[in-house]
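Q: Input structure: run-v5.txt, which contains compact mmCIF, C-alpha atoms and all ligand atoms.
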# COMPACT_ATOMS: atom_id res chain seq x y z
CA MET A 104 8.32 1.52 23.19
CA LYS A 105 10.08 3.62 20.57
CA LEU A 106 7.88 3.62 17.49
CA LEU A 107 8.06 5.08 13.99
CA VAL A 108 4.82 5.99 12.22
CA THR A 109 5.23 6.63 8.49
CA GLY A 110 2.39 8.68 7.09
CA GLY A 111 1.50 9.85 10.59
CA ALA A 112 0.39 13.24 9.27
CA GLY A 113 -2.45 11.57 7.36
CA TYR A 114 -5.94 10.69 8.48
CA ILE A 115 -5.47 7.13 9.77
CA GLY A 116 -1.77 7.46 10.61
CA GLY A 117 -2.52 10.56 12.70
CA VAL A 118 -5.16 8.75 14.76
CA VAL A 119 -2.87 5.76 15.33
CA ALA A 120 0.01 8.09 16.30
CA ALA A 121 -2.31 9.87 18.75
CA GLN A 122 -3.44 6.59 20.33
CA LEU A 123 0.19 5.40 20.60
CA VAL A 124 1.20 8.64 22.34
CA GLU A 125 -1.79 8.27 24.69
CA ALA A 126 -0.68 4.71 25.46
CA GLY A 127 2.68 6.08 26.62
CA HIS A 128 4.88 5.19 23.64
CA GLU A 129 7.67 7.36 22.28
CA VAL A 130 6.46 8.17 18.78
CA THR A 131 8.26 9.61 15.76
CA VAL A 132 6.17 10.53 12.73
CA LEU A 133 7.83 10.40 9.32
CA ASP A 134 5.79 12.10 6.61
CA ASP A 135 6.71 14.03 3.46
CA LEU A 136 3.48 16.08 3.69
CA SER A 137 2.65 15.21 0.07
CA THR A 138 -0.93 14.58 1.20
CA GLY A 139 -0.69 14.89 4.99
CA HIS A 140 -0.93 17.94 7.26
CA ALA A 141 1.76 18.85 9.81
CA ASP A 142 -0.95 19.80 12.33
CA ALA A 143 -2.36 16.25 12.19
CA VAL A 144 0.76 15.02 13.98
CA PRO A 145 -0.13 14.63 17.66
CA PRO A 146 1.63 17.12 19.95
CA GLY A 147 3.41 14.39 21.91
CA ALA A 148 5.12 12.94 18.81
CA ARG A 149 8.38 14.00 17.16
CA PHE A 150 7.86 15.01 13.54
CA VAL A 151 10.38 14.38 10.76
CA GLU A 152 9.48 15.70 7.32
CA ALA A 153 10.95 13.13 4.94
CA THR A 154 9.95 10.32 2.60
CA ILE A 155 10.05 6.62 3.47
CA THR A 156 13.17 6.21 1.32
CA GLU A 157 14.92 8.55 3.79
CA ALA A 158 13.98 6.58 6.92
CA ALA A 159 17.50 5.27 7.64
CA ASP A 160 18.43 8.21 9.88
CA VAL A 161 15.46 7.89 12.19
CA LEU A 162 15.29 4.09 12.47
CA PRO A 163 18.15 3.24 14.87
CA GLY A 164 16.78 2.38 18.30
CA THR A 165 13.23 1.93 16.98
CA ASP A 166 11.26 -1.07 18.28
CA ALA A 167 8.59 -1.19 15.57
CA VAL A 168 7.32 0.62 12.49
CA PHE A 169 3.70 1.44 11.65
CA HIS A 170 3.67 1.95 7.91
CA PHE A 171 0.87 4.13 6.49
CA ALA A 172 2.71 6.33 4.00
CA ALA A 173 1.36 5.43 0.56
CA LYS A 174 -0.38 6.67 -2.55
CA SER A 175 -4.03 5.73 -2.10
CA LEU A 176 -6.19 7.05 -4.93
CA VAL A 177 -7.61 4.18 -6.95
CA GLY A 178 -8.41 6.31 -10.01
CA GLU A 179 -4.96 7.88 -10.06
CA SER A 180 -3.40 4.41 -9.78
CA VAL A 181 -5.16 3.37 -12.98
CA GLU A 182 -3.88 6.51 -14.77
CA ARG A 183 -0.36 6.34 -13.35
CA PRO A 184 0.43 2.75 -12.31
CA GLY A 185 4.20 3.35 -12.29
CA LEU A 186 3.80 5.94 -9.56
CA TYR A 187 1.95 3.43 -7.39
CA TRP A 188 4.45 0.63 -7.93
CA ALA A 189 7.34 3.01 -7.24
CA HIS A 190 5.91 4.56 -4.08
CA ASN A 191 3.93 1.74 -2.56
CA LEU A 192 6.11 -1.22 -3.43
CA GLY A 193 9.50 0.40 -4.19
CA GLY A 194 9.24 2.79 -1.25
CA THR A 195 8.25 0.01 1.13
CA LEU A 196 11.07 -2.26 -0.03
CA ALA A 197 13.51 0.59 0.65
CA LEU A 198 11.95 1.02 4.10
CA LEU A 199 12.25 -2.72 4.80
CA ASP A 200 15.93 -2.61 3.76
CA SER A 201 16.58 0.32 6.09
CA MET A 202 14.77 -1.55 8.87
CA ARG A 203 16.97 -4.60 8.39
CA ALA A 204 20.10 -2.45 8.37
CA ALA A 205 19.01 -0.77 11.61
CA GLY A 206 17.94 -4.04 13.25
CA VAL A 207 14.26 -3.06 13.42
CA GLY A 208 12.29 -6.30 13.23
CA ARG A 209 8.62 -5.38 13.65
CA ILE A 210 6.15 -3.79 11.27
CA VAL A 211 2.40 -3.17 11.22
CA PHE A 212 1.34 -2.48 7.65
CA SER A 213 -1.67 -0.61 6.33
CA SER A 214 -3.13 -2.98 3.73
CA THR A 215 -6.53 -2.81 2.09
CA ALA A 216 -9.69 -4.61 1.03
CA ALA A 217 -8.67 -3.61 -2.50
CA THR A 218 -6.26 -6.59 -2.41
CA TYR A 219 -9.30 -8.86 -2.86
CA GLY A 220 -10.69 -7.17 -5.97
CA GLU A 221 -14.16 -8.39 -6.96
CA PRO A 222 -15.00 -10.96 -4.27
CA GLU A 223 -16.88 -14.17 -4.99
CA ARG A 224 -18.67 -14.29 -1.64
CA HIS A 225 -19.38 -12.36 1.54
CA PRO A 226 -18.22 -11.73 4.13
CA ILE A 227 -14.64 -11.82 2.82
CA LEU A 228 -12.20 -14.04 4.71
CA GLU A 229 -8.44 -13.55 4.75
CA THR A 230 -8.07 -16.89 2.95
CA ASP A 231 -10.20 -15.76 0.00
CA PRO A 232 -8.54 -15.16 -3.39
CA THR A 233 -6.66 -11.89 -3.87
CA ARG A 234 -7.26 -10.56 -7.36
CA PRO A 235 -6.91 -6.78 -7.21
CA THR A 236 -8.64 -4.86 -9.99
CA ASN A 237 -6.42 -1.77 -9.90
CA PRO A 238 -2.71 -0.90 -9.41
CA TYR A 239 -3.40 0.55 -5.94
CA GLY A 240 -4.70 -2.81 -4.66
CA ALA A 241 -2.02 -4.69 -6.60
CA SER A 242 0.79 -2.61 -5.09
CA LYS A 243 -0.56 -3.17 -1.56
CA LEU A 244 -0.89 -6.90 -2.22
CA ALA A 245 2.70 -6.97 -3.49
CA VAL A 246 3.82 -5.49 -0.16
CA ASP A 247 1.82 -8.13 1.72
CA THR A 248 3.58 -10.78 -0.37
CA ALA A 249 6.98 -9.22 0.32
CA LEU A 250 6.25 -9.15 4.06
CA THR A 251 5.45 -12.87 4.02
CA ALA A 252 8.80 -13.54 2.31
CA PHE A 253 10.75 -11.23 4.65
CA ALA A 254 9.20 -12.89 7.69
CA ARG A 255 10.24 -16.30 6.41
CA LEU A 256 13.70 -15.25 5.24
CA TYR A 257 14.80 -12.72 7.83
CA GLY A 258 12.58 -13.39 10.83
CA LEU A 259 10.62 -10.14 10.38
CA ALA A 260 7.57 -9.86 12.64
CA ALA A 261 4.79 -8.41 10.50
CA VAL A 262 1.06 -7.79 10.68
CA SER A 263 -0.96 -6.50 7.72
CA LEU A 264 -4.34 -4.97 8.47
CA ARG A 265 -6.71 -4.95 5.51
CA TYR A 266 -9.00 -1.98 5.95
CA PHE A 267 -12.50 -1.82 4.57
CA ASN A 268 -14.16 1.65 4.48
CA VAL A 269 -12.69 3.82 7.18
CA ALA A 270 -14.68 6.86 8.31
CA GLY A 271 -15.53 8.99 11.33
CA ALA A 272 -13.26 11.16 13.45
CA TYR A 273 -11.27 10.66 16.64
CA THR A 274 -11.17 12.94 19.64
CA ALA A 275 -8.07 12.33 21.76
CA ALA A 276 -7.84 12.59 25.55
CA ASP A 277 -6.43 16.13 25.17
CA GLY A 278 -9.54 17.17 23.21
CA ARG A 279 -7.81 17.37 19.81
CA THR A 280 -9.84 16.01 16.94
CA TYR A 281 -8.42 14.05 14.03
CA ARG A 282 -10.53 13.95 10.90
CA GLU A 283 -10.41 13.11 7.22
CA ARG A 284 -9.31 16.09 5.09
CA HIS A 285 -7.92 14.98 1.78
CA THR A 286 -7.15 17.64 -0.80
CA VAL A 287 -8.54 15.31 -3.46
CA GLU A 288 -11.54 13.76 -1.72
CA THR A 289 -12.92 10.62 -3.34
CA HIS A 290 -14.62 9.03 -0.32
CA LEU A 291 -18.36 8.87 0.04
CA ILE A 292 -19.02 10.17 3.56
CA PRO A 293 -16.81 13.31 3.37
CA ASN A 294 -18.24 14.09 -0.07
CA VAL A 295 -21.80 13.79 1.21
CA LEU A 296 -21.02 15.91 4.28
CA ALA A 297 -19.43 18.56 2.03
CA VAL A 298 -22.91 19.09 0.55
CA ALA A 299 -24.37 19.53 4.02
CA ARG A 300 -21.62 22.11 4.67
CA ARG A 301 -22.71 23.88 1.46
CA LEU A 302 -19.28 23.41 -0.10
CA ARG A 303 -20.90 21.46 -2.95
CA GLU A 304 -24.37 21.57 -4.43
CA SER A 305 -24.92 17.83 -4.71
CA VAL A 306 -23.23 14.49 -4.41
CA GLY A 307 -22.92 11.99 -7.25
CA VAL A 308 -24.18 8.45 -6.70
CA PHE A 309 -21.91 6.28 -8.79
CA GLY A 310 -24.25 3.67 -10.22
CA THR A 311 -27.76 2.56 -9.25
CA ASP A 312 -27.83 -0.62 -11.32
CA TYR A 313 -25.65 -2.89 -9.19
CA PRO A 314 -26.95 -6.32 -8.16
CA THR A 315 -27.69 -5.10 -4.61
CA PRO A 316 -31.05 -4.57 -2.84
CA ASP A 317 -31.32 -0.88 -3.83
CA GLY A 318 -28.96 -0.96 -6.82
CA THR A 319 -26.17 1.07 -5.16
CA CYS A 320 -22.83 -0.30 -3.93
CA VAL A 321 -22.62 -1.83 -0.48
CA ARG A 322 -19.61 -1.18 1.77
CA ASP A 323 -18.47 -2.07 5.28
CA TYR A 324 -17.80 1.18 7.19
CA ILE A 325 -15.48 1.08 10.19
CA HIS A 326 -14.88 3.86 12.71
CA VAL A 327 -11.33 5.24 12.55
CA ALA A 328 -11.02 4.98 16.36
CA ASP A 329 -11.85 1.24 16.26
CA LEU A 330 -9.52 0.75 13.32
CA ALA A 331 -6.67 2.55 15.07
CA ARG A 332 -7.10 0.49 18.24
CA ALA A 333 -6.51 -2.68 16.21
CA HIS A 334 -3.02 -1.37 15.37
CA LEU A 335 -2.05 -1.29 19.03
CA LEU A 336 -3.24 -4.87 19.42
CA ALA A 337 -1.33 -5.83 16.27
CA LEU A 338 1.87 -4.39 17.74
CA ASP A 339 1.55 -6.73 20.72
CA ALA A 340 0.76 -9.65 18.42
CA CYS A 341 3.86 -9.22 16.20
CA SER A 342 5.90 -12.36 16.47
CA GLU A 343 9.33 -13.09 14.99
CA GLY A 344 9.28 -14.90 11.65
CA GLU A 345 5.53 -14.57 11.29
CA HIS A 346 3.40 -12.46 8.93
CA ARG A 347 -0.22 -12.27 9.95
CA ILE A 348 -2.99 -10.78 7.84
CA TYR A 349 -6.24 -9.50 9.34
CA ASN A 350 -9.34 -7.94 7.80
CA LEU A 351 -10.75 -4.92 9.57
CA GLY A 352 -14.39 -4.07 9.11
CA ASN A 353 -17.63 -4.36 11.05
CA GLY A 354 -19.09 -7.23 9.05
CA THR A 355 -22.18 -5.23 8.06
CA GLY A 356 -22.79 -3.61 4.71
CA PHE A 357 -24.52 -0.30 3.98
CA SER A 358 -25.50 0.88 0.53
CA VAL A 359 -24.67 4.33 -0.83
CA THR A 360 -28.39 5.18 -0.54
CA GLU A 361 -28.45 4.06 3.10
CA VAL A 362 -25.35 6.12 3.91
CA LEU A 363 -26.97 9.13 2.25
CA SER A 364 -30.10 8.82 4.33
CA VAL A 365 -28.07 8.48 7.57
CA CYS A 366 -26.13 11.62 6.57
CA ARG A 367 -29.42 13.46 5.94
CA GLU A 368 -30.71 12.45 9.38
CA VAL A 369 -27.51 13.40 11.18
CA THR A 370 -27.05 16.77 9.47
CA GLY A 371 -30.69 17.75 9.02
CA HIS A 372 -29.75 18.80 5.48
CA GLU A 373 -31.61 17.50 2.44
CA ILE A 374 -28.31 16.72 0.59
CA PRO A 375 -29.29 16.56 -3.08
CA ALA A 376 -27.91 13.50 -4.87
CA VAL A 377 -27.46 13.02 -8.61
CA VAL A 378 -27.20 9.61 -10.26
CA ARG A 379 -23.95 9.22 -12.18
CA GLU A 380 -22.19 6.51 -14.17
CA ARG A 381 -20.63 3.63 -12.30
CA ARG A 382 -17.07 4.37 -11.19
CA PRO A 383 -14.76 1.95 -13.04
CA GLY A 384 -13.43 -0.85 -10.86
CA ASP A 385 -16.01 -0.49 -8.03
CA PRO A 386 -17.12 -3.94 -6.79
CA ALA A 387 -20.86 -4.18 -6.00
CA VAL A 388 -20.35 -5.39 -2.43
CA LEU A 389 -17.37 -5.32 -0.05
CA VAL A 390 -18.05 -6.67 3.42
CA ALA A 391 -15.39 -8.04 5.76
CA SER A 392 -15.30 -10.95 8.06
CA SER A 393 -13.29 -9.66 11.01
CA GLU A 394 -13.71 -12.88 12.93
CA LYS A 395 -10.02 -13.70 12.74
CA ILE A 396 -8.82 -10.50 14.45
CA GLN A 397 -11.63 -10.77 17.00
CA ARG A 398 -10.62 -14.33 17.79
CA ASP A 399 -6.82 -13.90 17.75
CA LEU A 400 -6.37 -10.40 19.17
CA GLY A 401 -9.61 -9.83 21.05
CA TRP A 402 -10.41 -6.77 18.90
CA LYS A 403 -14.03 -5.67 19.05
CA PRO A 404 -15.55 -2.65 17.36
CA GLU A 405 -16.96 -0.21 19.92
CA ARG A 406 -18.50 2.26 17.47
CA ALA A 407 -19.97 -0.03 14.88
CA SER A 408 -23.13 1.95 14.20
CA ILE A 409 -23.11 3.81 10.90
CA ARG A 410 -25.00 6.64 12.62
CA GLU A 411 -22.21 7.10 15.17
CA ILE A 412 -19.55 6.97 12.45
CA VAL A 413 -21.33 9.67 10.43
CA ALA A 414 -22.18 11.73 13.54
CA ASP A 415 -18.53 11.77 14.65
CA ALA A 416 -17.35 12.75 11.15
CA TRP A 417 -19.97 15.53 11.07
CA ALA A 418 -19.20 16.83 14.58
CA ALA A 419 -15.49 17.16 13.70
CA LEU A 420 -16.08 19.36 10.65
CA PRO A 421 -15.71 23.13 10.84
CA ARG A 422 -19.00 24.93 10.21
N1 LIG B 501 -19.37 6.84 -3.99
C1 LIG B 501 -20.38 7.61 -4.54
N2 LIG B 501 -20.18 8.97 -4.61
C2 LIG B 501 -19.03 9.58 -4.16
C3 LIG B 501 -18.02 8.76 -3.60
C4 LIG B 501 -18.22 7.40 -3.53
O1 LIG B 501 -21.41 7.10 -4.95
O2 LIG B 501 -18.91 10.81 -4.27
C5 LIG B 501 -19.58 5.38 -3.87
C6 LIG B 501 -18.50 4.55 -4.54
O3 LIG B 501 -18.83 4.31 -5.87
C7 LIG B 501 -18.53 3.29 -3.67
C8 LIG B 501 -18.93 3.79 -2.30
O4 LIG B 501 -19.52 5.07 -2.51
O5 LIG B 501 -19.53 2.43 -4.12
C9 LIG B 501 -17.76 3.97 -1.36
O6 LIG B 501 -16.76 4.68 -2.05
P1 LIG B 501 -15.46 5.25 -1.33
O7 LIG B 501 -14.66 6.00 -2.36
O8 LIG B 501 -15.86 6.00 -0.09
O9 LIG B 501 -14.67 3.97 -0.85
P2 LIG B 501 -14.17 2.66 -1.66
O10 LIG B 501 -15.19 1.61 -1.38
O11 LIG B 501 -14.04 3.02 -3.10
O12 LIG B 501 -12.86 2.37 -1.00
Turn the structure described in the file into structure tokens.

A:
Amino acid sequence: MKLLVTGGAGYIGGVVAAQLVEAGHEVTVLDDLSTGHADAVPPGARFVEATITEAADVLPGTDAVFHFAAKSLVGESVERPGLYWAHNLGGTLALLDSMRAAGVGRIVFSSTAATYGEPERHPILETDPTRPTNPYGASKLAVDTALTAFARLYGLAAVSLRYFNVAGAYTAADGRTYRERHTVETHLIPNVLAVARRLRESVGVFGTDYPTPDGTCVRDYIHVADLARAHLLALDACSEGEHRIYNLGNGTGFSVTEVLSVCREVTGHEIPAVVRERRPGDPAVLVASSEKIQRDLGWKPERASIREIVADAWAALPR
């Protein structure tokens, strides 16, 4: 199939683009390189450097769009909400308009656990209330809502995948490795591994007084290769006039302290940690139920162990 991957020069988009190329699809990556890296685009894909509001030229003849391009820093979204509404919602609406004009009727959208906000129970089901606690989550939820309406009104075939904590690295069949390398790194595992690489002296632990067994936040970590594979299944599941929403996680939570100790084991580095204030807007626990995608699409995580996730992330880093 002829596929467009927006944000395909980013961490997750790059892995999905690589898996699509490996599966024999004709892939075009559209990315403005605001946060992505041109060398993260897989060699077999065509690369167009442009924003999602400029997608009209590349859309004709496309069978489906994988939409990753977005602003994704929670803290920044609180400081600059307008930027998040403009890019994530405004940009996506422009993309959806261009898709309609070009007769492209399928989309797989990169949604997030942040659409749920502070959950009332665990694991989180897709039917649970969505009450985002920051503009990032709110803007992603608004896109999900728009997709539901566009499916009903215009027959769009849409799947939203709500990611929990994505980590690890992917090595493609050609030996190329795709890893997380954000200029502004907020995520736990890369920050911890940066200490093991001696790029930082210590890592901050944001809060040790949460109502969790060891007082630190609990998250559901999913391997980027497993996450990416779900996108290929979602493409096959897209059905006209239907918008499906699926959670993507492993269904098991690990605390910040547990992740730290796995990182210490994997790297053999002592990794000093310093207790810091809670990070505003961090829910105590976020764990997914992925039963729906397992049941409907037959998705199954193959690299669910936190050790393997950390080990793959570590092995992919330059040292
Ligand atoms: N965290 C931390 N130190 C860091 C980065 C993150 O203690 O340097 C904590 C953060 O407060 C959260 C968990 O690790 O409880 C996962 O954070 P991350 O930013 O990786 O993902 P999020 O759950 O916010 O999407």

Q: Suppose you want the space between CA of Asp329 in chain A and CA of His170 in chain A; what is it in Å?

A: 17.6 Å

Q: I want to know what sits within 7 Å of Tyr114 in chain A, based on all atoms listed in the file, with residues of the same chain fewer than 4 positions away left out; could you give that as a compact mmCIF listing (two decimals) with C-alpha atoms, keeping the file's coordinate frame?

A:
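As written to disk, around_0.txt reads:
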# COMPACT_ATOMS: atom_id res chain seq x y z
CA VAL A 118 -5.16 8.75 14.76
CA TYR A 281 -8.42 14.05 14.03
CA ARG A 282 -10.53 13.95 10.90
CA GLU A 283 -10.41 13.11 7.22

Q: List all protein, DNA and RNA residues that have at least one atom no more than 6 Å from any atom of ligand LIG 501 (chain B), counting all atoms listed in the file, and write them as number ranges by chain.

A: A: 268, 289-291, 294, 306-309, 320, 359, 382, 385

Q: Would you please work out which residue, of A:Trp188, A:Tyr239, A:Phe267, A:Phe169, is nearest to His326 in chain A when using all atoms listed in the file?

A: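 Closest to His326 in chain A of all the choices is A:Phe267.
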
Q: Please measure the separation of CA of Trp417 in chain A and CA of Pro293 in chain A, giving the value in Å to one decimal.

A: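 Atom-to-atom, CA of Trp417 in chain A and CA of Pro293 in chain A are spaced 8.6 Å apart.
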
Q: Kindly give the distance, in Å, that separates CA of Leu106 in chain A and CA of Ala167 in chain A, rounded to a single decimal.

A: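 About the pair CA of Leu106 in chain A and CA of Ala167 in chain A: they are 5.2 Å apart.
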
Q: Which residues are close to range 334-342 of chain A, i.e. within 7 Å by all atoms listed in the file, leaving aside same-chain residues fewer than 3 positions away? Reply as a PDB file with C-alpha atoms, in the coordinates of the input.

A:
ATOM      1  CA  ARG A 209       8.620  -5.380  13.650  1.00  0.00           C
ATOM      2  CA  VAL A 211       2.400  -3.170  11.220  1.00  0.00           C
ATOM      3  CA  ALA A 260       7.570  -9.860  12.640  1.00  0.00           C
ATOM      4  CA  ALA A 261       4.790  -8.410  10.500  1.00  0.00           C
ATOM      5  CA  VAL A 262       1.060  -7.790  10.680  1.00  0.00           C
ATOM      6  CA  ALA A 331      -6.670   2.550  15.070  1.00  0.00           C
ATOM      7  CA  GLU A 345       5.530 -14.570  11.290  1.00  0.00           C
ATOM      8  CA  LEU A 400      -6.370 -10.400  19.170  1.00  0.00           C
TER       9      LEU A 400
END

Q: As a tab-separated table (two decimals), in the coordinates of the input, please: range 125-135 of chain A completed to all heavy atoms.

A:
chain	number	residue	atom	x	y	z
A	125	GLU	N	-0.93	8.40	23.50
A	125	GLU	CA	-1.79	8.27	24.69
A	125	GLU	C	-1.46	7.02	25.49
A	125	GLU	O	-1.60	6.99	26.71
A	125	GLU	CB	-3.26	8.21	24.29
A	125	GLU	CG	-3.84	9.56	23.95
A	125	GLU	CD	-5.30	9.45	23.49
A	125	GLU	OE1	-6.11	8.86	24.21
A	125	GLU	OE2	-5.59	9.94	22.39
A	126	ALA	N	-1.01	5.97	24.77
A	126	ALA	CA	-0.68	4.71	25.46
A	126	ALA	C	0.71	4.76	26.08
A	126	ALA	O	1.17	3.77	26.66
A	126	ALA	CB	-0.78	3.54	24.47
A	127	GLY	N	1.40	5.91	25.95
A	127	GLY	CA	2.68	6.08	26.62
A	127	GLY	C	3.91	5.74	25.78
A	127	GLY	O	5.02	5.69	26.31
A	128	HIS	N	3.73	5.52	24.49
A	128	HIS	CA	4.88	5.19	23.64
A	128	HIS	C	5.61	6.46	23.20
A	128	HIS	O	5.04	7.56	23.18
A	128	HIS	CB	4.42	4.43	22.39
A	128	HIS	CG	3.84	3.08	22.72
A	128	HIS	ND1	4.60	2.06	23.22
A	128	HIS	CD2	2.57	2.60	22.65
A	128	HIS	CE1	3.83	1.00	23.43
A	128	HIS	NE2	2.58	1.30	23.09
A	129	GLU	N	6.88	6.25	22.82
A	129	GLU	CA	7.67	7.36	22.28
A	129	GLU	C	7.54	7.29	20.76
A	129	GLU	O	8.01	6.33	20.15
A	129	GLU	CB	9.13	7.13	22.71
A	129	GLU	CG	10.03	8.31	22.52
A	129	GLU	CD	11.47	7.95	22.87
A	129	GLU	OE1	11.67	7.22	23.88
A	129	GLU	OE2	12.37	8.36	22.14
A	130	VAL	N	6.86	8.27	20.19
A	130	VAL	CA	6.46	8.17	18.78
A	130	VAL	C	7.19	9.20	17.91
A	130	VAL	O	7.24	10.39	18.25
A	130	VAL	CB	4.94	8.38	18.64
A	130	VAL	CG1	4.50	8.37	17.18
A	130	VAL	CG2	4.18	7.32	19.44
A	131	THR	N	7.73	8.71	16.79
A	131	THR	CA	8.26	9.61	15.76
A	131	THR	C	7.39	9.44	14.53
A	131	THR	O	7.12	8.32	14.11
A	131	THR	CB	9.72	9.27	15.40
A	131	THR	OG1	10.52	9.45	16.57
A	131	THR	CG2	10.24	10.17	14.28
A	132	VAL	N	6.95	10.56	13.97
A	132	VAL	CA	6.17	10.53	12.73
A	132	VAL	C	7.08	10.93	11.58
A	132	VAL	O	7.77	11.94	11.65
A	132	VAL	CB	4.97	11.49	12.82
A	132	VAL	CG1	4.38	11.78	11.44
A	132	VAL	CG2	3.90	10.93	13.75
A	133	LEU	N	7.08	10.10	10.54
A	133	LEU	CA	7.83	10.40	9.32
A	133	LEU	C	6.80	10.62	8.21
A	133	LEU	O	6.02	9.71	7.92
A	133	LEU	CB	8.72	9.21	8.98
A	133	LEU	CG	9.64	9.38	7.78
A	133	LEU	CD1	10.93	10.06	8.21
A	133	LEU	CD2	9.98	8.03	7.17
A	134	ASP	N	6.81	11.81	7.63
A	134	ASP	CA	5.79	12.10	6.61
A	134	ASP	C	6.36	13.18	5.70
A	134	ASP	O	6.98	14.14	6.18
A	134	ASP	CB	4.50	12.59	7.30
A	134	ASP	CG	3.28	12.52	6.40
A	134	ASP	OD1	3.30	13.14	5.31
A	134	ASP	OD2	2.32	11.83	6.77
A	135	ASP	N	6.16	13.02	4.39
A	135	ASP	CA	6.71	14.03	3.46
A	135	ASP	C	5.69	15.14	3.18
A	135	ASP	O	5.96	16.03	2.36
A	135	ASP	CB	7.20	13.37	2.16
A	135	ASP	CG	6.07	12.72	1.37
A	135	ASP	OD1	4.89	12.84	1.77
A	135	ASP	OD2	6.38	12.09	0.34
